[in-house]
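Asker: Got a structure for you, questions after.
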Amino acid sequence: MQLAIFDLDNTLIGGDSDHAWGEFLVARDCVDGDRFRSENDRFYRDYQSGVLDIFAYLSFALEPLAQLSRGQLQNLQREFMQEVISEIWLPHAETLIQRHRDAGHHIMIITATNRFVVEPIAARLGVDTLLATEPEEVDGRFTGQVAGHPCFQEGKVVRLQQWLDQHPQYARGEKWFYSDSINDLPLLSQVEHPVAVDPDIRLRDEALSRGWQVISLRGDTEAFASVMDI
């Protein structure tokens with residue numbers, strides 16, 4: 001039983017859904033615009049540099065979920081998919097997922113972004129399993145806190161192992177992991193088939209030094225077809 005694991009942001013989609021969601025909330029006047037945008041950008045720079053304090057970020061990023069009603073959130077979620085995610089959709093990502101599906105592999109997204117933001121994206125991609133950072137809920141409302149272990153850096157290794165403990169039939173099978181970010185080096189280093197996808201400069205250097213495959217899901221069709229061999 002083989003497992004094809006994908007990071008989401010800047011891997012399967014051509015942007016960062018977490019940062020884009022923050023920008024979307026600012027545009028919709030759902031948050032204090034100047035303060036929120038400044039903090040959203042600061043945390044994103046920390047993420048790109050590999051120095052993000054994940055708990056400080058989640059305290060910031062999950063706060064709007066607690067301040068808005070379920071009805072408001074569902075409407076915003078639908079508009080976000082239509083207006084933002086559709087603009088950064090990558091057809092080659094769907095093709096790659098389908099190749100793994102045709103090979104009989106179990107398809108998983110593992111992402112640091114919270115489940116509320118990414119669940120509709122994962123559903124559109126038709127993945128089998130989504131492991132995401134979980135926003136805490138009490139009595140049907142978000143609290144603004146995180147539940148369990150954040151799905152970030154070494155946390156992705158932890159969350160994947162927890163899943164494998166519950167699905168032992170996949171534990172010994174070969175695993176692919178596709179990511180763009182140096183933050184995912186811990187998990188990339190543990191799978192049989194690590195693949196850097198449109199990687200940041202630090203991950204590109206690391207991938208080349210280790211002989212890992214480097215691909216793009218944003219290039220032309222011919223170039224994409226020539227590099228993919230699963």
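Ligands are numbered from 1 in the order shown, chains are lettered A, B, ... in the order of the structure tokens, and residues start at 1 in each chain.
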Write out, as a Markdown table, each residue of range 88-182 of chain A that has an atom at most 12 Å from range 40-64 of chain A, together with the closest pair of atoms and their distance in Å to one decimal, counting only C-alpha atoms, rows going by chain and rising number.
Answerer:
| residue | atom | partner | partner_atom | distance |
| --- | --- | --- | --- | --- |
| A:Ala112 | CA | A:Ile54 | CA | 9.0 |
| A:Thr113 | CA | A:Leu58 | CA | 9.3 |
| A:Asn114 | CA | A:Leu62 | CA | 8.2 |
| A:Arg115 | CA | A:Leu62 | CA | 10.7 |
| A:Phe116 | CA | A:Leu62 | CA | 9.7 |
| A:Val117 | CA | A:Leu62 | CA | 10.4 |
| A:Thr133 | CA | A:Leu58 | CA | 9.2 |
| A:Glu134 | CA | A:Leu62 | CA | 9.9 |
| A:Pro135 | CA | A:Leu62 | CA | 7.0 |
| A:Glu136 | CA | A:Leu62 | CA | 9.1 |
| A:Glu137 | CA | A:Leu62 | CA | 11.1 |
| A:Arg141 | CA | A:Pro64 | CA | 11.6 |
| A:Phe142 | CA | A:Leu62 | CA | 8.3 |
| A:Thr143 | CA | A:Glu63 | CA | 7.7 |
| A:Gly144 | CA | A:Glu63 | CA | 4.5 |
| A:Gln145 | CA | A:Ser59 | CA | 6.4 |
| A:Val146 | CA | A:Leu58 | CA | 7.0 |
| A:Ala147 | CA | A:Leu58 | CA | 10.6 |
| A:Gly148 | CA | A:Phe55 | CA | 11.5 |
| A:His149 | CA | A:Phe55 | CA | 10.1 |
| A:Pro150 | CA | A:Ile54 | CA | 7.6 |
| A:Cys151 | CA | A:Ile54 | CA | 9.4 |
| A:Phe152 | CA | A:Ile54 | CA | 7.5 |
| A:Gln153 | CA | A:Gly50 | CA | 9.1 |
| A:Glu154 | CA | A:Ile54 | CA | 11.5 |
| A:Gly155 | CA | A:Ile54 | CA | 10.3 |
| A:Asp180 | CA | A:Gln48 | CA | 10.5 |
| A:Ser181 | CA | A:Gln48 | CA | 7.8 |
| A:Ile182 | CA | A:Gly50 | CA | 6.8 |
Asker: Could you pull out all residues of range 38-216 of chain A with a DSSP call of strand (DSSP E or B) and give them as a ChimeraX atom specification?
Answerer: /A:89,106-114,129-138,141-147,175-179,193-197,213-215
Asker: Just N, CA and C atoms for this one: save the residues we selected as a tab-separated table (two decimals), in the first residue's frame.
Answerer:
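Dumped to result-v4.tsv:
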chain	number	residue	atom	x	y	z
A	89	TRP	N	-5.20	28.13	-9.34
A	89	TRP	CA	-5.37	26.69	-9.56
A	89	TRP	C	-4.34	26.20	-10.58
A	106	HIS	N	-2.65	5.84	-2.36
A	106	HIS	CA	-3.51	6.63	-1.49
A	106	HIS	C	-3.03	8.07	-1.53
A	107	ILE	N	-3.94	9.02	-1.75
A	107	ILE	CA	-3.59	10.42	-1.95
A	107	ILE	C	-3.84	11.21	-0.67
A	108	MET	N	-2.80	11.90	-0.20
A	108	MET	CA	-2.88	12.67	1.04
A	108	MET	C	-2.33	14.07	0.84
A	109	ILE	N	-3.02	15.06	1.40
A	109	ILE	CA	-2.47	16.41	1.56
A	109	ILE	C	-2.10	16.57	3.02
A	110	ILE	N	-0.90	17.10	3.27
A	110	ILE	CA	-0.47	17.40	4.63
A	110	ILE	C	0.00	18.85	4.63
A	111	THR	N	-0.66	19.69	5.41
A	111	THR	CA	-0.45	21.13	5.30
A	111	THR	C	-0.51	21.82	6.65
A	112	ALA	N	0.30	22.86	6.80
A	112	ALA	CA	0.28	23.66	8.03
A	112	ALA	C	-0.93	24.57	8.10
A	113	THR	N	-1.55	24.86	6.98
A	113	THR	CA	-2.71	25.73	6.96
A	113	THR	C	-3.88	25.05	7.66
A	114	ASN	N	-4.73	25.83	8.30
A	114	ASN	CA	-5.80	25.24	9.10
A	114	ASN	C	-6.88	24.62	8.23
A	129	THR	N	-7.15	11.73	1.92
A	129	THR	CA	-6.92	12.09	3.32
A	129	THR	C	-6.34	13.49	3.38
A	130	LEU	N	-6.84	14.28	4.33
A	130	LEU	CA	-6.31	15.60	4.59
A	130	LEU	C	-5.80	15.65	6.03
A	131	LEU	N	-4.51	15.94	6.19
A	131	LEU	CA	-3.94	16.25	7.49
A	131	LEU	C	-3.60	17.73	7.50
A	132	ALA	N	-4.24	18.47	8.37
A	132	ALA	CA	-4.07	19.92	8.43
A	132	ALA	C	-4.00	20.34	9.89
A	133	THR	N	-3.55	21.57	10.12
A	133	THR	CA	-3.63	22.12	11.47
A	133	THR	C	-5.11	22.27	11.83
A	134	GLU	N	-5.46	21.84	13.03
A	134	GLU	CA	-6.87	21.77	13.41
A	134	GLU	C	-7.25	22.94	14.32
A	135	PRO	N	-8.18	23.79	13.89
A	135	PRO	CA	-8.68	24.83	14.79
A	135	PRO	C	-9.64	24.22	15.81
A	136	GLU	N	-9.48	24.62	17.05
A	136	GLU	CA	-10.32	24.06	18.12
A	136	GLU	C	-11.76	24.55	17.97
A	137	GLU	N	-12.68	23.64	18.23
A	137	GLU	CA	-14.11	23.97	18.22
A	137	GLU	C	-14.73	23.53	19.53
A	138	VAL	N	-15.62	24.36	20.08
A	138	VAL	CA	-16.39	24.02	21.27
A	138	VAL	C	-17.84	24.41	21.00
A	141	ARG	N	-18.54	26.17	17.67
A	141	ARG	CA	-17.91	27.45	17.36
A	141	ARG	C	-16.40	27.33	17.51
A	142	PHE	N	-15.69	28.03	16.66
A	142	PHE	CA	-14.24	28.07	16.78
A	142	PHE	C	-13.85	28.92	17.99
A	143	THR	N	-12.81	28.48	18.69
A	143	THR	CA	-12.36	29.19	19.88
A	143	THR	C	-11.22	30.16	19.60
A	144	GLY	N	-10.57	30.03	18.45
A	144	GLY	CA	-9.38	30.82	18.16
A	144	GLY	C	-8.10	30.15	18.60
A	145	GLN	N	-8.23	28.93	19.15
A	145	GLN	CA	-7.07	28.17	19.58
A	145	GLN	C	-6.84	26.98	18.64
A	146	VAL	N	-5.67	26.38	18.75
A	146	VAL	CA	-5.35	25.21	17.95
A	146	VAL	C	-5.64	23.95	18.75
A	147	ALA	N	-6.12	22.92	18.09
A	147	ALA	CA	-6.37	21.63	18.73
A	147	ALA	C	-5.27	20.65	18.30
A	175	LYS	N	6.60	5.76	-0.06
A	175	LYS	CA	5.92	7.03	0.11
A	175	LYS	C	6.59	8.10	-0.73
A	176	TRP	N	5.80	8.89	-1.42
A	176	TRP	CA	6.23	10.09	-2.13
A	176	TRP	C	5.83	11.29	-1.30
A	177	PHE	N	6.64	12.33	-1.32
A	177	PHE	CA	6.23	13.60	-0.71
A	177	PHE	C	6.69	14.74	-1.60
A	178	TYR	N	5.73	15.59	-1.97
A	178	TYR	CA	5.96	16.73	-2.85
A	178	TYR	C	5.81	18.02	-2.06
A	179	SER	N	6.82	18.89	-2.12
A	179	SER	CA	6.74	20.16	-1.40
A	179	SER	C	7.62	21.22	-2.06
A	193	HIS	N	10.66	8.77	-1.72
A	193	HIS	CA	10.64	9.55	-2.97
A	193	HIS	C	10.34	11.02	-2.64
A	194	PRO	N	11.34	11.78	-2.20
A	194	PRO	CA	11.14	13.21	-1.98
A	194	PRO	C	11.22	13.97	-3.30
A	195	VAL	N	10.28	14.89	-3.51
A	195	VAL	CA	10.25	15.67	-4.75
A	195	VAL	C	10.07	17.15	-4.39
A	196	ALA	N	10.98	17.99	-4.86
A	196	ALA	CA	10.86	19.43	-4.68
A	196	ALA	C	10.07	20.01	-5.84
A	197	VAL	N	8.99	20.72	-5.51
A	197	VAL	CA	8.08	21.27	-6.53
A	197	VAL	C	8.17	22.79	-6.53
A	213	GLN	N	14.54	14.69	-6.95
A	213	GLN	CA	13.90	15.20	-8.16
A	213	GLN	C	13.35	16.61	-7.90
A	214	VAL	N	13.49	17.47	-8.88
A	214	VAL	CA	12.95	18.83	-8.83
A	214	VAL	C	12.04	19.02	-10.04
A	215	ILE	N	10.80	19.39	-9.79
A	215	ILE	CA	9.84	19.55	-10.89
A	215	ILE	C	9.10	20.88	-10.76
Asker: Out of A:Arg204, A:His105, A:Arg35, A:Arg124, which residue has the shortest atom-to-atom distance to Glu23 in chain A when counting only C-alpha atoms?
Answerer: A:Arg35
